[in-house]
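Quick look at entry-v3.txt (compact mmCIF, C-alpha atoms):
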```txt
# COMPACT_ATOMS: atom_id res chain seq x y z
CA MET A 1301 9.33 23.15 -5.84
CA GLY A 1302 10.82 20.63 -3.44
CA ILE A 1303 10.14 16.94 -3.68
CA LEU A 1304 7.82 16.95 -0.65
CA GLU A 1305 5.70 19.75 -2.08
CA ARG A 1306 5.64 18.00 -5.43
CA ILE A 1307 4.30 14.69 -4.12
CA GLU A 1308 1.32 16.35 -2.51
CA SER A 1309 0.50 18.41 -5.60
CA GLU A 1310 -2.50 17.71 -7.79
CA LYS A 1311 -0.16 17.29 -10.74
CA PHE A 1312 1.56 14.33 -9.09
CA ILE A 1313 -1.71 12.78 -7.85
CA PHE A 1314 -3.23 13.07 -11.33
CA SER A 1315 -0.09 11.66 -12.95
CA VAL A 1316 -0.53 8.43 -10.99
CA GLY A 1317 -3.86 7.87 -12.72
CA PHE A 1318 -6.69 5.70 -11.49
CA GLU A 1319 -6.06 3.85 -8.26
CA LEU A 1320 -6.85 0.39 -9.72
CA THR A 1321 -5.71 -2.35 -7.32
CA PRO A 1322 -3.21 -1.85 -4.45
CA ASN A 1323 -0.70 -4.06 -6.31
CA ALA A 1324 -0.97 -1.99 -9.47
CA LEU A 1325 -0.68 1.29 -7.58
CA TYR A 1326 2.38 -0.05 -5.76
CA LYS A 1327 4.08 -0.85 -9.07
CA VAL A 1328 3.13 2.48 -10.62
CA LEU A 1329 4.55 4.37 -7.63
CA LEU A 1330 7.66 2.21 -7.68
CA ARG A 1331 8.41 3.39 -11.21
CA THR A 1332 7.98 7.13 -10.56
CA GLU A 1333 10.92 9.51 -10.85
CA GLU A 1334 9.85 11.14 -7.60
CA ARG A 1335 10.52 7.91 -5.71
CA ALA A 1336 14.14 7.81 -6.85
CA GLU A 1337 14.51 11.49 -5.99
CA LEU A 1338 13.05 11.14 -2.51
CA MET A 1339 15.16 8.07 -1.81
CA THR A 1340 18.34 9.92 -2.83
CA SER A 1341 17.44 12.92 -0.66
CA TYR A 1342 16.59 10.70 2.31
CA LYS A 1343 19.79 8.69 1.89
CA ALA A 1344 21.86 11.87 1.69
CA GLY A 1345 20.20 13.34 4.76
CA ILE A 1346 18.68 16.26 2.87
CA ILE A 1347 15.30 15.00 4.01
CA THR A 1348 15.42 13.93 7.61
CA ASP A 1349 13.10 11.87 9.79
CA THR A 1350 11.97 14.99 11.64
CA MET A 1351 11.13 16.73 8.39
CA LEU A 1352 9.08 13.76 7.24
CA ARG A 1353 7.35 13.47 10.61
CA CYS A 1354 6.31 17.13 10.52
CA TYR A 1355 5.30 16.78 6.87
CA ILE A 1356 3.02 13.83 7.64
CA GLN A 1357 1.54 15.69 10.62
CA ARG A 1358 0.78 18.58 8.30
CA LEU A 1359 -0.86 16.32 5.72
CA LEU A 1360 -2.96 14.67 8.40
CA ARG A 1361 -4.40 18.04 9.38
CA GLY A 1362 -6.52 17.76 6.26
CA PHE A 1363 -8.18 14.61 7.58
CA LYS A 1364 -11.95 14.86 7.64
CA VAL A 1365 -14.16 12.21 9.20
CA GLY A 1366 -16.36 10.41 6.67
CA GLN A 1367 -14.50 11.78 3.63
CA ARG A 1368 -11.77 10.25 1.53
CA PHE A 1369 -8.38 11.49 2.66
CA THR A 1370 -7.04 13.84 -0.02
CA HIS A 1371 -3.41 12.82 0.54
CA ASP A 1372 -3.99 9.07 0.42
CA ILE A 1373 -1.79 8.76 -2.69
CA THR A 1374 0.97 10.81 -1.04
CA LEU A 1375 0.97 8.49 1.98
CA SER A 1376 1.03 5.48 -0.35
CA PHE A 1377 3.96 7.05 -2.18
CA LEU A 1378 5.86 7.66 1.05
CA SER A 1379 5.46 4.06 2.14
CA VAL A 1380 6.74 2.84 -1.24
CA ALA A 1381 9.69 5.27 -1.14
CA LEU A 1382 10.64 4.43 2.44
CA GLU A 1383 10.21 0.68 2.01
CA PRO A 1384 13.90 -0.18 1.41
CA PHE A 1385 15.18 1.87 4.36
CA SER A 1386 15.74 0.14 7.64
CA THR A 1387 15.47 3.24 9.78
CA ARG A 1388 13.31 3.39 12.86
CA PHE A 1389 11.15 6.11 11.32
CA ALA A 1390 10.52 4.16 8.09
CA ASP A 1391 9.60 1.11 10.10
CA GLU A 1392 7.27 3.05 12.40
CA PHE A 1393 5.58 4.84 9.50
CA ILE A 1394 4.94 1.77 7.37
CA ARG A 1395 3.89 -0.41 10.29
CA ASP A 1396 1.52 2.19 11.77
CA LEU A 1397 -0.03 2.99 8.40
CA SER A 1398 -0.59 -0.67 7.60
CA LYS A 1399 -2.33 -1.20 10.93
CA LEU A 1400 -4.88 1.56 10.34
CA ASP A 1401 -8.37 0.28 9.80
CA VAL A 1402 -10.34 3.36 8.80
CA SER A 1403 -12.32 3.88 5.64
CA GLU A 1404 -10.96 7.39 4.99
CA LEU A 1405 -7.49 5.98 4.32
CA SER A 1406 -8.25 3.09 2.07
CA ILE A 1407 -5.58 2.59 -0.57
CA SER A 1408 -2.59 3.83 1.46
CA THR A 1409 -3.14 1.24 4.21
CA LYS A 1410 -3.24 -1.52 1.60
CA VAL A 1411 -0.10 -0.27 -0.14
CA ALA A 1412 1.62 -0.03 3.26
CA LYS A 1413 0.67 -3.66 3.93
CA LEU A 1414 2.33 -4.65 0.65
CA CYS A 1415 5.42 -2.63 1.55
CA LEU A 1416 5.56 -4.28 4.95
CA ALA A 1417 5.36 -7.72 3.35
CA LYS A 1418 8.20 -6.77 0.97
CA ARG A 1419 10.29 -5.41 3.85
CA ASP A 1420 9.94 -8.67 5.71
CA LEU A 1421 11.41 -10.47 2.71
CA LEU A 1422 14.55 -8.31 2.68
CA PRO A 1423 17.71 -9.83 4.15
CA LYS A 1424 18.45 -8.34 7.51
CA THR A 1425 21.43 -8.16 9.82
CA GLU A 1426 20.52 -9.70 13.09
CA TYR A 1427 22.22 -8.43 16.20
CA ARG A 1428 22.82 -10.89 18.96
CA LYS A 1429 24.10 -10.10 22.40
CA PHE A 1430 26.03 -12.67 24.38
CA VAL A 1431 26.70 -12.30 28.07
CA PHE A 1432 29.61 -14.32 29.42
CA SER A 1433 29.66 -15.10 33.08
CA THR A 1434 32.89 -14.35 34.99
CA THR A 1435 33.32 -18.09 35.47
CA ALA A 1436 33.31 -18.60 31.73
CA ILE A 1437 35.82 -15.79 31.22
CA ASP A 1438 38.06 -17.36 33.88
CA THR A 1439 37.77 -20.67 32.06
CA TYR A 1440 38.87 -19.08 28.78
CA LYS A 1441 41.81 -17.40 30.55
CA GLU A 1442 42.77 -20.79 31.99
CA ILE A 1443 42.55 -22.38 28.52
CA ASP A 1444 44.81 -19.61 27.12
CA ARG A 1445 47.34 -20.14 29.91
CA ILE A 1446 47.44 -23.91 29.30
CA GLN A 1447 47.77 -23.38 25.55
CA GLU A 1448 50.66 -21.00 26.10
CA SER A 1449 52.54 -23.45 28.31
CA VAL A 1450 51.97 -26.25 25.78
CA ASP A 1451 53.36 -24.05 23.01
CA LYS A 1452 56.41 -23.18 25.09
CA SER A 1453 57.15 -26.79 25.97
CA TYR A 1454 56.73 -27.79 22.32
CA ASP A 1455 59.22 -25.09 21.28
CA ARG A 1456 61.69 -26.30 23.99
CA LYS A 1457 61.30 -29.92 22.83
CA ASN A 1458 61.90 -28.92 19.23
CA TYR A 1459 64.96 -26.89 20.23
CA SER A 1460 66.49 -29.79 22.27
CA GLU A 1461 65.83 -32.20 19.37
CA LEU A 1462 67.55 -29.85 16.99
CA ALA A 1463 70.51 -29.40 19.39
CA ALA A 1464 70.94 -33.18 19.73
CA ALA A 1465 70.96 -33.59 15.97
CA MET B 87 -2.77 11.30 32.44
CA GLY B 88 -5.72 13.14 31.03
CA GLU B 89 -8.10 16.00 31.33
CA VAL B 90 -11.65 16.14 30.08
CA ARG B 91 -13.14 19.50 29.18
CA HIS B 92 -16.50 20.22 27.67
CA ALA B 93 -16.15 22.33 24.57
CA GLU B 94 -17.55 22.17 21.08
CA THR B 95 -14.34 21.66 19.17
CA LYS B 96 -13.83 19.41 16.20
CA LEU B 97 -10.16 18.60 16.06
CA ILE B 98 -7.08 20.32 17.31
CA ALA B 99 -3.77 18.54 16.89
CA THR B 100 -0.71 20.52 17.85
CA GLU B 101 2.62 19.74 16.34
CA PRO B 102 5.33 18.31 18.54
CA THR B 103 7.23 21.56 18.81
CA ALA B 104 8.31 21.48 22.42
CA LYS B 105 8.78 18.87 25.09
CA PRO B 106 6.62 17.46 26.56
CA TYR B 107 4.59 16.75 23.43
CA VAL B 108 0.99 17.78 23.86
CA PHE B 109 -1.78 16.46 21.67
CA ARG B 110 -5.34 17.64 21.95
CA VAL B 111 -7.93 15.48 20.30
CA GLY B 112 -11.55 16.54 20.28
CA LEU B 113 -14.21 13.87 20.13
CA TYR B 114 -17.86 14.80 19.82
CA ASN B 115 -18.48 17.50 22.42
CA ASN B 116 -15.59 16.57 24.65
CA ASP B 117 -12.12 17.94 24.22
CA PHE B 118 -9.63 15.34 25.42
CA CYS B 119 -6.12 16.36 26.19
CA PHE B 120 -3.33 13.77 26.09
CA ILE B 121 0.11 14.62 27.30
CA ILE B 122 2.90 12.48 25.96
CA THR B 123 6.25 13.07 27.54
CA SER B 124 9.47 12.79 25.56
CA ASP B 125 10.64 9.66 27.38
CA MET B 126 7.47 7.87 26.29
CA LEU B 127 8.30 8.43 22.63
CA ASN B 128 10.77 5.56 22.56
CA TYR B 129 8.07 2.97 22.79
CA TYR B 130 4.87 4.87 22.05
CA SER B 131 4.07 5.68 18.45
CA PHE B 132 1.50 8.38 17.86
CA MET B 133 1.88 9.17 14.18
CA PHE B 134 -1.64 8.05 13.30
CA GLU B 135 -3.05 7.94 16.81
CA PHE B 136 -5.75 10.53 16.33
CA ILE B 137 -6.77 8.99 13.00
CA LYS B 138 -7.38 5.75 14.89
CA LEU B 139 -9.48 7.67 17.40
CA ILE B 140 -11.69 9.62 15.06
CA GLY B 141 -11.61 7.64 11.78
CA SER B 142 -14.71 5.81 10.56
CA PRO B 143 -14.55 2.03 10.87
CA LYS B 144 -14.54 0.12 7.58
CA ARG B 145 -17.90 -1.22 6.47
CA GLU B 146 -18.23 -4.56 4.73
CA LEU B 147 -20.88 -6.95 3.52
CA LEU B 148 -21.30 -10.64 4.13
CA LEU B 149 -20.11 -12.03 0.82
CA ASP B 150 -19.26 -15.64 0.06
CA THR B 151 -17.99 -17.66 -2.88
CA ARG B 152 -20.14 -20.42 -4.36
CA GLN B 153 -18.32 -22.82 -2.07
CA GLY B 154 -19.30 -20.76 0.96
CA ASN B 155 -15.96 -19.20 1.83
CA PRO B 156 -15.99 -15.53 2.87
CA ILE B 157 -14.73 -12.81 0.52
CA LYS B 158 -12.98 -9.84 2.09
CA ASN B 159 -14.61 -6.63 0.94
CA GLU B 160 -15.00 -3.00 1.87
CA ILE B 161 -17.64 -0.41 1.07
CA ALA B 162 -15.80 2.58 -0.36
CA LEU B 163 -16.56 6.17 0.61
CA PRO B 164 -17.99 8.60 -1.97
CA PRO B 165 -15.39 10.29 -4.20
CA SER B 166 -13.72 13.44 -2.94
CA ASP B 167 -13.56 16.68 -4.92
CA LEU B 168 -10.01 15.82 -5.89
CA SER B 169 -11.10 12.38 -7.17
CA LEU B 170 -13.79 14.02 -9.28
CA GLU B 171 -11.29 16.49 -10.69
CA ARG B 172 -8.87 13.67 -11.49
CA GLU B 173 -11.67 11.72 -13.15
CA GLN B 174 -12.46 14.63 -15.47
CA LEU B 175 -8.83 15.05 -16.38
CA LEU B 176 -8.26 11.34 -17.07
CA PHE B 177 -11.49 11.14 -19.05
CA LYS B 178 -10.28 14.00 -21.24
CA ARG B 179 -6.92 12.33 -21.69
CA TYR B 180 -7.94 8.72 -22.31
CA GLY B 181 -11.69 8.59 -22.75
CA VAL B 182 -12.20 9.90 -26.28
CA ARG B 183 -13.90 6.66 -27.30
CA TRP B 184 -15.42 5.75 -23.93
CA GLN B 185 -19.16 5.83 -23.36
CA VAL B 186 -20.30 6.94 -19.92
CA ARG B 187 -22.72 4.56 -18.25
CA CYS B 188 -22.82 6.31 -14.90
CA GLN B 189 -21.16 9.19 -13.14
CA PRO B 190 -18.40 8.74 -10.52
CA SER B 191 -19.49 7.00 -7.35
CA GLY B 192 -18.00 5.31 -4.32
CA ILE B 193 -19.14 1.98 -2.81
CA TYR B 194 -17.70 -0.46 -5.36
CA ASN B 195 -14.69 -0.98 -7.61
CA CYS B 196 -14.23 -3.05 -10.77
CA ALA B 197 -14.30 -6.38 -8.89
CA GLY B 198 -17.28 -5.24 -6.83
CA HIS B 199 -19.07 -4.42 -10.07
CA VAL B 200 -18.63 -7.87 -11.61
CA TRP B 201 -18.78 -10.06 -8.49
CA ALA B 202 -20.75 -8.15 -5.87
CA SER B 203 -23.52 -6.48 -7.87
CA ARG B 204 -22.16 -2.94 -7.28
CA ARG B 205 -22.63 -3.20 -3.50
CA THR B 206 -19.05 -3.31 -2.22
CA ALA B 207 -15.40 -3.18 -3.33
CA ILE B 208 -13.07 -6.19 -3.50
CA TYR B 209 -9.44 -5.05 -3.50
CA GLU B 210 -7.28 -8.01 -2.58
CA GLU B 211 -5.73 -10.04 -5.38
CA LEU B 212 -6.06 -13.21 -3.32
CA GLU B 213 -9.81 -12.70 -3.14
CA TRP B 214 -10.00 -12.36 -6.93
CA THR B 215 -8.12 -15.65 -7.31
CA LYS B 216 -10.37 -17.26 -4.72
CA ILE B 217 -13.51 -16.18 -6.58
CA LEU B 218 -12.18 -17.39 -9.94
CA THR B 219 -11.37 -20.79 -8.44
CA GLU B 220 -14.33 -21.32 -6.15
CA ASP B 221 -16.92 -19.90 -8.53
CA GLU B 222 -15.60 -22.28 -11.17
CA TYR B 223 -14.51 -19.77 -13.78
CA ARG B 224 -12.34 -20.98 -16.62
CA LYS B 225 -10.01 -19.08 -18.87
CA LEU B 226 -11.03 -18.97 -22.53
CA ASN B 227 -8.41 -20.28 -24.88
CA MET B 228 -7.15 -18.29 -27.83
CA THR B 229 -9.61 -19.77 -30.30
CA GLU B 230 -12.74 -19.17 -28.20
CA ILE B 231 -14.60 -15.92 -28.74
CA PRO B 232 -15.94 -14.30 -25.56
CA LYS B 233 -19.66 -13.78 -25.17
CA PRO B 234 -21.56 -11.01 -23.40
CA GLY B 235 -21.49 -11.69 -19.67
CA ASP B 236 -17.96 -13.11 -19.71
CA LEU B 237 -15.21 -11.36 -17.81
CA ALA B 238 -12.18 -9.48 -19.11
CA LEU B 239 -9.26 -9.67 -16.70
CA TYR B 240 -6.21 -7.46 -17.10
CA HIS B 241 -3.04 -8.64 -15.45
CA SER B 242 0.70 -8.35 -15.66
CA GLU B 243 3.54 -10.73 -14.78
CA ASP B 244 5.02 -8.55 -12.06
CA VAL B 245 1.92 -6.66 -10.91
CA GLY B 246 -0.69 -9.41 -10.80
CA PHE B 247 -4.30 -8.45 -11.39
CA ILE B 248 -4.79 -4.88 -12.53
CA HIS B 249 -8.42 -4.56 -13.54
CA CYS B 250 -11.53 -6.47 -14.53
CA GLY B 251 -14.71 -5.76 -16.45
CA GLN B 252 -17.68 -7.40 -18.06
CA VAL B 253 -17.99 -8.13 -21.76
CA ILE B 254 -21.20 -6.51 -22.97
CA SER B 255 -20.97 -6.83 -26.74
CA ILE B 256 -18.77 -8.15 -29.51
CA GLU B 257 -18.07 -5.67 -32.26
CA PRO B 258 -17.01 -6.82 -35.73
CA GLY B 259 -13.33 -6.63 -36.59
CA LEU B 260 -11.87 -3.72 -38.50
CA THR B 261 -11.27 -5.77 -41.61
CA ALA B 262 -13.35 -8.45 -43.30
CA GLY B 263 -12.59 -11.71 -41.54
CA GLY B 264 -10.70 -9.89 -38.79
CA SER B 265 -11.10 -11.01 -35.20
CA PRO B 266 -14.06 -9.45 -33.37
CA ILE B 267 -13.41 -6.78 -30.75
CA PRO B 268 -15.17 -7.13 -27.39
CA LYS B 269 -16.64 -4.08 -25.69
CA ILE B 270 -16.25 -3.97 -21.93
CA LEU B 271 -18.25 -2.31 -19.17
CA SER B 272 -16.05 -1.49 -16.20
CA LYS B 273 -15.33 0.90 -13.36
CA TRP B 274 -11.70 2.03 -13.20
CA ASP B 275 -11.45 2.42 -9.44
CA ASP B 276 -13.61 2.84 -6.35
CA ALA B 277 -14.18 6.53 -7.05
CA SER B 278 -14.64 6.54 -10.81
CA GLY B 279 -17.69 6.24 -13.03
CA GLU B 280 -18.63 3.25 -15.17
CA TYR B 281 -17.57 3.27 -18.79
CA ILE B 282 -18.11 1.21 -21.91
CA HIS B 283 -14.84 0.86 -23.79
CA PHE B 284 -13.01 -1.37 -26.22
CA ALA B 285 -11.03 -4.13 -24.52
CA SER B 286 -7.62 -2.59 -25.22
CA ASP B 287 -8.67 1.03 -24.69
CA VAL B 288 -7.58 1.28 -21.06
CA PRO B 289 -6.08 4.21 -19.12
CA PHE B 290 -3.20 2.21 -17.62
CA LYS B 291 -1.65 1.19 -20.95
CA ASP B 292 1.19 3.73 -20.61
CA LYS B 293 1.80 3.07 -16.88
CA ILE B 294 1.75 -0.72 -17.15
CA PRO B 295 2.52 -1.37 -20.82
CA ASP B 296 3.17 -5.09 -20.33
CA PHE B 297 -0.40 -5.88 -19.29
CA LYS B 298 -2.17 -8.92 -20.70
CA LEU B 299 -5.85 -9.41 -21.33
CA GLU B 300 -7.59 -12.67 -20.58
CA TYR B 301 -11.22 -13.66 -20.91
CA TRP B 302 -12.82 -15.81 -18.23
CA THR B 303 -16.25 -17.41 -18.17
CA ASP B 304 -18.47 -19.47 -15.92
CA ARG B 305 -20.10 -21.10 -18.95
CA ARG B 306 -19.70 -24.86 -19.12
```

structure tokens encoding of this file:
Amino acid sequence: MGILERIESEKFIFSVGFELTPNALYKVLLRTEERAELMTSYKAGIITDTMLRCYIQRLLRGFKVGQRFTHDITLSFLSVALEPFSTRFADEFIRDLSKLDVSELSISTKVAKLCLAKRDLLPKTEYRKFVFSTTAIDTYKEIDRIQESVDKSYDRKNYSELAAA
Amino acid sequence: MGEVRHAETKLIATEPTAKPYVFRVGLYNNDFCFIITSDMLNYYSFMFEFIKLIGSPKRELLLDTRQGNPIKNEIALPPSDLSLEREQLLFKRYGVRWQVRCQPSGIYNCAGHVWASRRTAIYEELEWTKILTEDEYRKLNMTEIPKPGDLALYHSEDVGFIHCGQVISIEPGLTAGGSPIPKILSKWDDASGEYIHFASDVPFKDKIPDFKLEYWTDRR
């Protein structure tokens, strides 16, 4: 049985135990073997974004209005497992889940909120884009040219001093 | 872009198999058809879009602390078949010495039981802290013996609050002169039943072994 099938199985859901508080559930899910396995598979590309997207779509087919969502724990687990990844899919999934305000998905939205808060604490690489105007580039070229001529004249001066000595 | 057709369908959500992506979401008697083209996917997220459309809004009660500050709460839905099955299994595994007070129900959780008279669930840890502070609870020190009506709070260093329950009786210690053992009435989660159990006889002891038990009271 693959990891995705396993995390939606009754065996896995029962192994998590009572849902207690969102914090406690988060910690329990964090310590599961399945989390490490899913993370390794996702990192290695064995489980792709498309696979996860289709998987979630399939789980959501079981959604029934006015009834607890059967795969609430699985969604909570996915948000905990995807939390350290800075992929667009992971970000979209956790953000969208945390924004949900429906009573059918109760615990998973709260766990996703915790994951989102943890993600925001992670150090990130910030990309900045600078646009130089042509005038600025010309200025730098001019500075380079001046620097070059200064260097040359300094070398000449040094050479003449050495020759005189 | 949309098309409204009258048909008695409940919910049809097609998978994004081909471009453009077509999602059909049925609401009441109308069958709405949304067409999302592939170029819209870059900025439009639809992973939980139909859940947002058809999901039931959360219900809550007006609940305040003694100081008049609001407490975030949520009325939980009744347990699903899977929750009931899980309950039976966990009861078999851990509940040898538990006494059942009532069968599994939704609506409230452990915090809702002790602070909201079984009318709603209080999930957030911050709200628990707010109640303890603003309702003027104090932690019992090691020498004080809890009394019926006091609270038992389970917490862990890295998890925070895990569970809470109400002390209902104090049983004598196992040995002569041994410390008395409190019995607790609590509800494990928002889909479980209520159980009477010894303070350390909890189902999360193998998942969160480093939990600590504290007794809190509003007695002066």

Atom pair CA of His283 in chain B + CA of Ser242 in chain B, distance 19.8 Å

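Of the residues listed (A:Val1402, A:Leu1397, A:Leu1352, A:Ile1373), A:Leu1397 shows the shortest atom-to-atom separation from Leu1416 in chain A; distances use only C-alpha atoms.
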
Which residues, written as a PyMOL selection string, have at least one atom at most 7 Å from range 1334-1351 of chain A, with only C-alpha atoms counted and residues fewer than 6 positions away on the same chain left out? chain A and resi 1303+1381+1389

Of B:Phe290, B:Leu168, B:Arg306, B:Glu146, the one sitting nearest Glu1308 in chain A when using all atoms listed in the file is B:Leu168

Using only C-alpha atoms and a cutoff of 12 Å, can you tell me which residues are near (-16.1, -6.1, -18.9) in the file's coordinates, and write them out as an NGL selection string? :B and (196-197 or 199-201 or 232-240 or 249-256 or 268-274 or 280-288 or 299-303)

Any chance you could work out the axis-aligned box around range 148-152 of chain B, listed atoms only, 5 Å on each side, giving centre and edge lengths in Å to one decimal, as JSON?
```
{"center_x": -19.6, "center_y": -15.5, "center_z": -0.1, "size_x": 13.3, "size_y": 19.8, "size_z": 18.5}
```

- Using all atoms listed in the file, which of A:Asp1401, A:Glu1305, A:Glu1383, A:Asp1391 sits nearest chain B?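 Between A:Asp1401, A:Glu1305, A:Glu1383, A:Asp1391, the residue approaching chain B most closely is A:Asp1401.
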
Give me, as a ChimeraX atom specification, the residues of chain A touching chain B, with the criterion being at most 6 Å (counting all atoms listed in the file).
/A:1314,1319-1321,1323-1324,1365,1368,1402-1403
